[in-house]
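S.K.: Sharing a structure here in C-alpha cells format.
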Protein chains: 6
Amino acid sequence: MKRGVVVTQIPRADARHIEILKEAGTATVHEAQSRLGLLATYLRPIYSGAAIAGSAVTVLMPPSDNWMLHVAVEQCREGDVLVAAPTSPCEDGYFGELLATSLAARGVRGLIIDAGCRDVRALKAMDFPVWSKAVSAQGTVKETLGSVNVPVVCAQQIVHPGDVIVADDDGVVCVPAARAAAVADASAAREAAEDGKRAKLASGVLGLDLYAMREPLARAGLRYVD
Amino acid sequence: MKRGVVVTQIPRADARHIEILKEAGTATVHEAQSRLGLLATYLRPIYSGAAIAGSAVTVLMPPSDNWMLHVAVEQCREGDVLVAAPTSPCEDGYFGELLATSLAARGVRGLIIDAGCRDVRALKAMDFPVWSKAVSAQGTVKETLGSVNVPVVCAQQIVHPGDVIVADDDGVVCVPAARAAAVADASAAREAAEDGKRAKLASGVLGLDLYAMREPLARAGLRYVD
Amino acid sequence: MKRGVVVTQIPRADARHIEILKEAGTATVHEAQSRLGLLATYLRPIYSGAAIAGSAVTVLMPPSDNWMLHVAVEQCREGDVLVAAPTSPCEDGYFGELLATSLAARGVRGLIIDAGCRDVRALKAMDFPVWSKAVSAQGTVKETLGSVNVPVVCAQQIVHPGDVIVADDDGVVCVPAARAAAVADASAAREAAEDGKRAKLASGVLGLDLYAMREPLARAGLRYVD
Amino acid sequence: MKRGVVVTQIPRADARHIEILKEAGTATVHEAQSRLGLLATYLRPIYSGAAIAGSAVTVLMPPSDNWMLHVAVEQCREGDVLVAAPTSPCEDGYFGELLATSLAARGVRGLIIDAGCRDVRALKAMDFPVWSKAVSAQGTVKETLGSVNVPVVCAQQIVHPGDVIVADDDGVVCVPAARAAAVADASAAREAAEDGKRAKLASGVLGLDLYAMREPLARAGLRYVD
Amino acid sequence: MKRGVVVTQIPRADARHIEILKEAGTATVHEAQSRLGLLATYLRPIYSGAAIAGSAVTVLMPPSDNWMLHVAVEQCREGDVLVAAPTSPCEDGYFGELLATSLAARGVRGLIIDAGCRDVRALKAMDFPVWSKAVSAQGTVKETLGSVNVPVVCAQQIVHPGDVIVADDDGVVCVPAARAAAVADASAAREAAEDGKRAKLASGVLGLDLYAMREPLARAGLRYVD
Amino acid sequence: MKRGVVVTQIPRADARHIEILKEAGTATVHEAQSRLGLLATYLRPIYSGAAIAGSAVTVLMPPSDNWMLHVAVEQCREGDVLVAAPTSPCEDGYFGELLATSLAARGVRGLIIDAGCRDVRALKAMDFPVWSKAVSAQGTVKETLGSVNVPVVCAQQIVHPGDVIVADDDGVVCVPAARAAAVADASAAREAAEDGKRAKLASGVLGLDLYAMREPLARAGLRYVD
C-alpha cells in the first residue's frame, strides 16, 4: 500500500459476467465463491433497494482527507464501482453530492466506502448508491496523498483494482477479476437450482424432506418428545 | 437448554388475545405487563412498517449452524412466530428467502432472530418480516444439533415456547402464554385511556394540566425564572 | 447544569435566517461555521426524508425519567425544536406519540434526543420527525427534576437555549443564536457556489481541473504509472 | 420473572463439586457441559487473577435501582456468588465497597453483575472480585422492587438460583445445580487428559501427530506447496 | 468554542479543597454534587491504581491534530490536569511520552483525553496517568488551530477551564471551580458517614437494618416465600 | 486467499532488524514507515508489559474453527509470530494453553489473533503474549480447511507471510519483510532524535520553543487573551 501512486491500467472482468453476478446478488455470489470475499457487515446502503456490480477502482485515503477521491474520478469508466478505504479508521463524510455528480457523469455505478458519506437525500434523489460505514456531515481536507488502484483493505477484505464488486441490501462482496467467469457460472447454477426448490417449498414441501435431512438428524440423535 | 430435542406440543394463547396485543403494539404491551419482557433494542426490523403478533416456536441453534431452523418449520402452524437464538453470539445470515418461503406456506407471521438474516430485498417483496441483530450474506452450515421448543434466551429475554411475541417498528416484546389474556385486557384499557388523552393534547391542553403535574413539580422544588 | 430550574425567556434567531439554514442543510451549515457544532453521528432520524430547523428549547433529564419533557412543552413556541439530553447515558424510550401530539399542537418542528424514542410508526404517520440515539419501547418514570432551557450536552455538543438546530438525513448541527445571521449568509454563499460547480461536474469537467488540483498534486509527489 | 418476590429456599450443589469446578476453570467447565452456559464476554473482571465458584443467589433489579441488592445480602451464605441482572440494559454503578463489605462478612465469594460497578480500588484491596459490564461512578436509587432468587437473564444466559457459577479471567459460566456433579466429573476428566497432552506438546510433539490430524487434513484436500 | 484562542488567566480552586476531593474519589464526589459532572465511562485509565485531582487546563483540538497540546503545556502549572477534547470524534494517539515529559516537568498531575494515547509503557514507568478513550499508535499532525482554556465537551460533559477534575479507577468527574469548596465539604461528610457504616456492615449488621429498609420494602409489597 | 493451501517457504527479515524494530516499539515503527501498517486498535494484549517482534506465519481460519492453527504450528520457527485471521468476524476462543505450549516449544514469540483467546491466566504464567480481539471461553471445532502462509487481512491490515510484526502495549504494526531494513534504520534514527528532545523537555524547555512553533502558530492566527 504505497502512497502517492496512481495506477492507470487495471484489468476488468467481462461485462456479461458482471451482469450475471449483479443479478445473482451478494448472498448467492458469496456462496458461489466458497464464502470468501464478504466485506464487513457494518457497511450499509444509505438507501434500500439498490443493487449494483462493477469493476473496482480502488482508493487509499489518509484519515479525514478526500483528496484522492478527486484523483480517482479520472481513472473511472462506465460500469466501474469506486472502492475507498482510509489508512486508519475514520467515519468522516468524505463523499457527497458533487463527487457523485462527477462520477455519475462518467457512468460509475456506485461507491463502497469504509468511512462516512453525506448528502444522503441528494444521493438518493439522483440514484447514486453508496455503501458506507457511517453517515456524517463532517467534511474532510485535501492535504495528503494516498493512492489510486493499489490493493486496499476495505471493511476487512482485500480489494484489488479490477475485482468485481457486487453490492445490494445484503451487503458487499468482492470477486477477483480472474475468477469472475467461474463465479458467474457457479452463481447462475445456484440460482437455477434455487428456482426449483422455491416452488416446492412454496407448495408446502418441507425442507426436511426436500433436503433429505430426516435420516442424518436422527443419526445425530435428534429426539421428538411431546 | 438441552440439545437434540424437539418438543412437539406447546401451549398457544387465544387468537383473540393475540390480535389485541398486535393492535396495541410493543410499547403499550410492555407497559401493560409492568415493563417486563422487552427484547434488546439491537433487534431491528429489516424493513419498516411491519407489525405482527403470534405464538412463539423457539429454536436453539449452534453458532453459524442453521440446521435446526429446518427442523423448526415442521413445528409451526398458522399464526406462529419463529424465535431463533444461537447458543453463543453470532451475526451470520442464518435465514433467507427459501426458509421464508417455507414458513410463509405454513402461515407463519415472521421471524425474530438474535443473529443475522439475508435476502432482505426478497423478504420485503414477499412481505415476510424479520427482526434481526444483523443483515449478513454470510451463510451457515448444517452439522450440529440444537433444539426446538425449549426455553431460549433471545436478545436478553427468556422466551418459552407458546409465549406471545409482539413485534413492530418499536421492537419486540414477549408475553407469557398464561398471561396473554390479562395483558391483552390491560393493553386494551391503556389504549382506550390514551385515546381521550390524545384528543385533549391535540387541542392544546398541556400534559402539565392533564396529568396534574404542577403541584408535585412545585413540591419537588421546580422554579421558574426569566 | 443546575437542576430544578425552568428558564422562561430565551433568545431566538430571526425566522428568515432559520429558514435559510434549513434549506442549506446540515452538511453545508457545518462547513459554513468552520466545522463546529456537529452532534454525534449516532443520532439518526427515525424515518428518512425529514429536514427541519428551529430554535432550541433544551431539556436536561435524569436517566430513565421524562418528567421534564412535560415541563418543556409549555416553554415551546411555533418553530421551536426540542433538544433533550439525559444527565447520564440512557437509551430508554422517553418520547412517544402523546408528547408528539402535544408538541405538534404548539407548532414544534421536531425533537433531538440523546436517548431513545418509541411509537415510531405513529410519529411517521403524523410527520413529527425525531433524531434519536435509539428506538426503544422501554418507558420512563416521572420522579426526579431536571431543568429546562439551561445549556446541555447533547450527543457530544453543547447546546444553549435558543441556538438554531438544523437536522436532516445527514445528522444534526447546532448554530449559536448570535451567529445565525452570519452562518446563514455563509451557507447561502456556499450553496450558490456549489450550483455552478455541480453543473460543470455534471457536464464531465473533472474536479482535478475545476479545483486546479493537478499542480499541487504533482508538487506533493503524485506519480501516474501504467 | 415476577417482581416483588424473595425466595428464601434455594438448592445448592455439593461443595466438593463446586471446588472441582473452580479448579477446572471456565474454559474447561464450558467444554465439559457441551459448550452451554457461557455468559456474554462483555462481562469482565474488575481486576485480573481472581477465580471463584459458588452457588448463585440471583437478583432481578430495575434499571438504575439497587434496592434489591440490599435485600439479597440477607439471602446469601458462605460460598455463594451473587448474580445480578437489570430488567433493561443499564451500566450504572449499582455496587461498591459498602455492599461488598456486607457480602464479605457473610462469606460471599464474588459478584457477577450485568451492569456497572464502582469503588474498584477498594474492592481490589479487600479482594472481593466482581465481573461486570462496566465500571461507573454513577450511583443508583432505591425506589422500585425487583426480586431475589428467581430465574434471571444475566449477560445472555438464564441463571437459576442455586446454579453453580464459575468465574475467572476467561469469563463466567453457569452450571445447573442438578448437573454440577456430572459436569465436575467431566471437567476433572478433561483436566487429567490435558495434563498428558501438555507434557507431550511441551516436549515438541506436534498437535498434528498427537491428535492424528494429518490423515483427515489430507482427505479434506490440504496441500503443501513451496 | 471559538478556534485560535488561548486564554491565559483561569480561575483555580483552593488546593486544600482539591486535595479533599482527590481523597474522596470520583464515586463519592459525584454523589456529593448531586450526580452531575461524570464523564462518559468509555474513558479508562491506561494503568490501574492512579488517583488524581487538579485544576483543568482545557484544550480543543481538531481531529487527528495535536498542535494545541503543545500550546497548552505553557498554560499549565503545578497541580493542573490537562483536559483535551477533539472537535469531532477521533481515537488517534494524540499524546505520548514526550508531551508527558514536558507536562511532568511543570508539575501537571495527569491527562484526560477524549481520544487516543500512546507510549503506554513509558507513561506507566514515569507514573504519568492518562484517562483516554483508546490506546493507539496512530500519530497526529500539527496543521490546524484549536483553542486552549475555552469550555470544551469532553466525554459528554462540559468542562470549563479551572474546574476541578477528579480521576481514579472509577472514572473521571468534573466539579465547577466555584463549587469546589461546597463539594469538598459534602464529600468529606459522606466519607465520614461511610466510615461508621462500613464498620457496622463488616461486623455483620445488614443494610436492611442499618438503613431501615424493611418497613418501606414491605410497604412496597415485597413478599418472602420459601 | 485460497483455502486448503500451506505454503512452506516464506521470506524472513534479518534478525538484527527485527530486534531493532522491537526495541523501537509500535508507535515509533509506525511513524518510521509513514504511518502505514497499524492493525486495528481493538486488538489488545491479554496482559500488559509484553513487547515482541518476529516474522509472521499467517493463518486463514473459518469462523469458529481452529483446525488450521494446529497446521500452522509446524510451519513456525524460533523467532516467529503467529498471525491468525478468520474469514468472517468471530470472537470465539480459538487459542489457549495447549496451543501456546506447542508454539513456545518451537520458540514462537507470541500470537496476534483477530478473534478470541482463552486460558488467559495460564498464558500469563507461561509468559506467552497474545494480542486478541476478545477473551472468550467459547471453544471452536476442527472441521473445515483454511490456509497457512497466504496473505491475510488481520484487524484491517494485509499481512503477508514473513512480514515483521511488532507488538506491545500500544498495539500491533506490520512491516513488509522487504522494508524491514529501511524501517529499522528510520526507527533507530527517530529514537536517537527523541533522546535529545526528551532531555530538553524534562529540563523545562517548552515544545513551543524546541520545535519552533511560535511563529507558525502566530501566522495561523493564534491569539493570546487574558
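Letters A, B, ... go to the chains of the C-alpha cells in the order shown; residues in each chain start at 1; ligands are counted from 1 in the same order.
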What does chain A look like after a least-squares fit onto chain F on every Cα paired in order, written as a short mmCIF file (atom, residue, chain, number, x, y, z; two decimals) with C-alpha atoms, in the first residue's frame?
M.R.:
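For reference, superposed-v7.cif as written:
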data_model
loop_
_atom_site.label_atom_id
_atom_site.label_comp_id
_atom_site.auth_asym_id
_atom_site.auth_seq_id
_atom_site.Cartn_x
_atom_site.Cartn_y
_atom_site.Cartn_z
CA MET A 1 -7.00 -16.05 -0.07
CA LYS A 2 -7.28 -19.60 -1.27
CA ARG A 3 -8.35 -22.38 1.04
CA GLY A 4 -6.58 -25.63 1.66
CA VAL A 5 -3.03 -24.45 1.03
CA VAL A 6 0.02 -24.49 3.28
CA VAL A 7 2.98 -22.56 1.94
CA THR A 8 6.13 -24.01 3.47
CA GLN A 9 8.73 -21.49 2.30
CA ILE A 10 8.42 -17.88 3.38
CA PRO A 11 10.84 -14.97 3.42
CA ARG A 12 12.04 -13.74 6.80
CA ALA A 13 13.72 -10.46 7.62
CA ASP A 14 17.16 -10.23 9.20
CA ALA A 15 17.09 -10.94 12.94
CA ARG A 16 19.06 -7.78 13.73
CA HIS A 17 16.48 -5.61 12.02
CA ILE A 18 13.68 -7.40 13.84
CA GLU A 19 15.44 -6.74 17.15
CA ILE A 20 15.79 -3.03 16.35
CA LEU A 21 12.10 -2.83 15.44
CA LYS A 22 11.16 -4.51 18.72
CA GLU A 23 13.24 -2.04 20.71
CA ALA A 24 11.73 0.92 18.86
CA GLY A 25 8.17 -0.21 19.60
CA THR A 26 4.98 0.10 17.61
CA ALA A 27 4.48 3.86 17.83
CA THR A 28 7.97 4.66 16.53
CA VAL A 29 7.90 1.95 13.87
CA HIS A 30 4.51 3.15 12.64
CA GLU A 31 5.88 6.67 12.26
CA ALA A 32 9.03 5.37 10.63
CA GLN A 33 7.09 3.73 7.83
CA SER A 34 4.92 6.72 7.04
CA ARG A 35 2.03 5.73 9.27
CA LEU A 36 1.12 2.59 7.40
CA GLY A 37 0.58 -0.91 8.69
CA LEU A 38 -1.14 -0.32 12.03
CA LEU A 39 -3.59 -3.07 12.95
CA ALA A 40 -6.95 -2.00 14.36
CA THR A 41 -6.81 -0.80 17.94
CA TYR A 42 -9.43 -3.29 19.05
CA LEU A 43 -6.61 -5.82 19.26
CA ARG A 44 -5.45 -5.65 22.87
CA PRO A 45 -2.77 -7.54 24.79
CA ILE A 46 -4.23 -10.09 27.20
CA TYR A 47 -1.73 -8.84 29.81
CA SER A 48 0.29 -5.64 29.89
CA GLY A 49 4.02 -5.20 29.55
CA ALA A 50 4.79 -7.66 26.77
CA ALA A 51 6.76 -6.40 23.75
CA ILE A 52 7.72 -8.62 20.85
CA ALA A 53 8.76 -8.62 17.21
CA GLY A 54 9.08 -11.51 14.79
CA SER A 55 8.35 -12.91 11.35
CA ALA A 56 4.70 -13.52 10.55
CA VAL A 57 3.44 -17.03 9.95
CA THR A 58 -0.10 -16.34 8.77
CA VAL A 59 -3.23 -18.43 9.27
CA LEU A 60 -6.55 -18.05 7.51
CA MET A 61 -9.27 -19.76 9.55
CA PRO A 62 -13.01 -20.42 9.05
CA PRO A 63 -15.30 -18.88 11.68
CA SER A 64 -15.31 -20.92 14.93
CA ASP A 65 -12.82 -23.44 13.56
CA ASN A 66 -9.20 -23.61 14.75
CA TRP A 67 -8.02 -26.61 12.80
CA MET A 68 -5.52 -24.55 10.82
CA LEU A 69 -3.79 -23.29 13.95
CA HIS A 70 -2.61 -26.84 14.54
CA VAL A 71 -1.38 -27.01 10.95
CA ALA A 72 0.42 -23.68 11.36
CA VAL A 73 2.45 -24.75 14.38
CA GLU A 74 4.60 -27.01 12.22
CA GLN A 75 5.47 -24.08 9.92
CA CYS A 76 6.79 -21.93 12.78
CA ARG A 77 10.41 -21.41 13.75
CA GLU A 78 12.30 -19.75 16.54
CA GLY A 79 11.52 -16.04 16.44
CA ASP A 80 8.25 -16.21 14.53
CA VAL A 81 4.94 -14.58 15.45
CA LEU A 82 1.71 -16.34 14.54
CA VAL A 83 -0.88 -14.08 12.87
CA ALA A 84 -4.36 -15.58 12.71
CA ALA A 85 -7.44 -14.18 10.99
CA PRO A 86 -10.93 -15.65 10.50
CA THR A 87 -12.63 -15.44 7.09
CA SER A 88 -15.60 -13.76 8.75
CA PRO A 89 -15.76 -11.94 12.10
CA CYS A 90 -15.66 -14.25 15.11
CA GLU A 91 -14.80 -13.72 18.75
CA ASP A 92 -14.68 -17.34 19.88
CA GLY A 93 -11.72 -18.64 21.88
CA TYR A 94 -9.61 -20.26 19.14
CA PHE A 95 -6.44 -20.39 21.20
CA GLY A 96 -5.41 -21.47 24.68
CA GLU A 97 -2.76 -23.04 26.84
CA LEU A 98 -2.13 -26.24 24.86
CA LEU A 99 -1.51 -24.50 21.57
CA ALA A 100 0.67 -21.96 23.39
CA THR A 101 2.69 -24.80 24.89
CA SER A 102 3.29 -26.18 21.45
CA LEU A 103 4.29 -22.81 19.99
CA ALA A 104 6.54 -21.99 22.95
CA ALA A 105 8.32 -25.30 22.40
CA ARG A 106 9.25 -24.03 18.92
CA GLY A 107 10.42 -20.61 20.08
CA VAL A 108 7.44 -18.65 18.79
CA ARG A 109 7.25 -15.21 20.41
CA GLY A 110 3.54 -14.62 20.53
CA LEU A 111 0.19 -14.63 18.75
CA ILE A 112 -1.81 -11.91 17.00
CA ILE A 113 -5.40 -13.08 16.52
CA ASP A 114 -8.36 -11.20 15.08
CA ALA A 115 -10.67 -13.32 17.22
CA GLY A 116 -10.86 -14.62 20.78
CA CYS A 117 -8.36 -16.25 23.12
CA ARG A 118 -8.78 -18.23 26.38
CA ASP A 119 -6.71 -19.59 29.28
CA VAL A 120 -5.54 -16.05 29.99
CA ARG A 121 -4.12 -16.86 33.41
CA ALA A 122 -2.08 -19.80 32.15
CA LEU A 123 -0.77 -17.80 29.18
CA LYS A 124 0.36 -15.04 31.50
CA ALA A 125 2.01 -17.55 33.83
CA MET A 126 4.01 -19.03 30.94
CA ASP A 127 4.63 -15.54 29.52
CA PHE A 128 3.22 -16.29 26.11
CA PRO A 129 1.77 -12.95 24.95
CA VAL A 130 -1.35 -12.70 22.82
CA TRP A 131 -2.97 -9.68 21.21
CA SER A 132 -6.61 -10.56 20.58
CA LYS A 133 -10.00 -9.06 19.77
CA ALA A 134 -11.69 -10.75 22.71
CA VAL A 135 -11.23 -13.09 25.63
CA SER A 136 -13.70 -15.95 25.37
CA ALA A 137 -14.05 -19.40 26.87
CA GLN A 138 -16.09 -20.43 23.82
CA GLY A 139 -14.27 -23.25 22.04
CA THR A 140 -14.05 -23.97 18.32
CA VAL A 141 -14.31 -27.02 16.07
CA LYS A 142 -11.85 -28.72 13.70
CA GLU A 143 -13.84 -29.41 10.56
CA THR A 144 -13.04 -27.05 7.71
CA LEU A 145 -9.83 -26.11 5.94
CA GLY A 146 -8.30 -22.67 5.77
CA SER A 147 -4.74 -21.88 4.72
CA VAL A 148 -1.32 -21.20 6.19
CA ASN A 149 1.14 -18.62 4.91
CA VAL A 150 -1.15 -16.88 2.47
CA PRO A 151 -1.79 -13.11 2.71
CA VAL A 152 -4.51 -12.41 5.29
CA VAL A 153 -6.49 -9.42 6.46
CA CYS A 154 -5.93 -9.23 10.19
CA ALA A 155 -7.61 -6.40 12.11
CA GLN A 156 -7.97 -4.30 8.97
CA GLN A 157 -4.44 -4.68 7.59
CA ILE A 158 -2.98 -7.01 4.98
CA VAL A 159 -0.30 -9.22 6.49
CA HIS A 160 1.93 -11.25 4.17
CA PRO A 161 3.84 -14.27 5.43
CA GLY A 162 7.27 -13.14 6.58
CA ASP A 163 6.25 -9.57 7.32
CA VAL A 164 7.73 -8.31 10.56
CA ILE A 165 5.14 -7.97 13.31
CA VAL A 166 5.89 -5.54 16.15
CA ALA A 167 3.53 -5.65 19.13
CA ASP A 168 3.47 -4.04 22.54
CA ASP A 169 1.11 -2.18 24.89
CA ASP A 170 0.40 0.39 22.15
CA GLY A 171 -0.87 -2.19 19.66
CA VAL A 172 0.42 -4.09 16.64
CA VAL A 173 2.15 -2.87 13.48
CA CYS A 174 3.15 -4.82 10.36
CA VAL A 175 6.31 -4.08 8.36
CA PRO A 176 6.77 -5.74 4.95
CA ALA A 177 9.80 -8.07 5.03
CA ALA A 178 11.46 -6.21 2.16
CA ARG A 179 11.24 -2.92 4.02
CA ALA A 180 12.46 -4.20 7.39
CA ALA A 181 15.99 -2.88 7.00
CA ALA A 182 14.91 0.57 5.89
CA VAL A 183 12.24 0.87 8.58
CA ALA A 184 14.66 -0.37 11.24
CA ASP A 185 17.12 2.33 10.22
CA ALA A 186 14.46 5.02 10.21
CA SER A 187 13.16 3.82 13.58
CA ALA A 188 16.60 3.92 15.14
CA ALA A 189 17.12 7.42 13.80
CA ARG A 190 13.82 8.56 15.30
CA GLU A 191 14.73 6.99 18.62
CA ALA A 192 18.06 8.80 18.70
CA ALA A 193 16.42 12.12 17.88
CA GLU A 194 13.84 11.61 20.61
CA ASP A 195 16.50 11.02 23.26
CA GLY A 196 17.80 14.55 22.88
CA LYS A 197 14.31 16.05 22.86
CA ARG A 198 13.28 14.13 25.95
CA ALA A 199 16.17 15.52 27.97
CA LYS A 200 15.38 19.09 26.95
CA LEU A 201 11.69 18.77 27.65
CA ALA A 202 12.44 17.19 31.04
CA SER A 203 14.58 20.22 31.87
CA GLY A 204 11.65 22.52 31.23
CA VAL A 205 12.23 23.65 27.64
CA LEU A 206 8.83 24.04 26.01
CA GLY A 207 7.89 22.17 22.85
CA LEU A 208 6.74 25.54 21.53
CA ASP A 209 10.39 26.60 21.55
CA LEU A 210 12.08 23.27 20.90
CA TYR A 211 10.00 22.73 17.76
CA ALA A 212 9.94 26.46 16.80
CA MET A 213 6.15 26.52 16.78
CA ARG A 214 5.54 30.07 17.95
CA GLU A 215 6.00 31.70 14.59
CA PRO A 216 3.78 29.32 12.55
CA LEU A 217 1.12 29.45 15.27
CA ALA A 218 1.07 33.22 15.14
CA ARG A 219 0.91 33.11 11.36
CA ALA A 220 -2.05 30.72 11.57
CA GLY A 221 -3.77 33.37 13.68
CA LEU A 222 -3.39 32.15 17.24
CA ARG A 223 -4.25 34.87 19.75
CA TYR A 224 -3.52 34.99 23.45
CA VAL A 225 -6.10 36.73 25.65
CA ASP A 226 -6.43 37.19 29.40
#
S.K.: From a DSSP calculation on the backbone, collect every residue of range 40-183 of chain A in helix (DSSP H, G or I) and output the set as a PyMOL selection string.
M.R.: chain A and resi 67-73+97-105+120-125+177-183
S.K.: As a count of residues only, please: every residue in chain E that DSSP puts in strand (DSSP E or B).
M.R.: 63
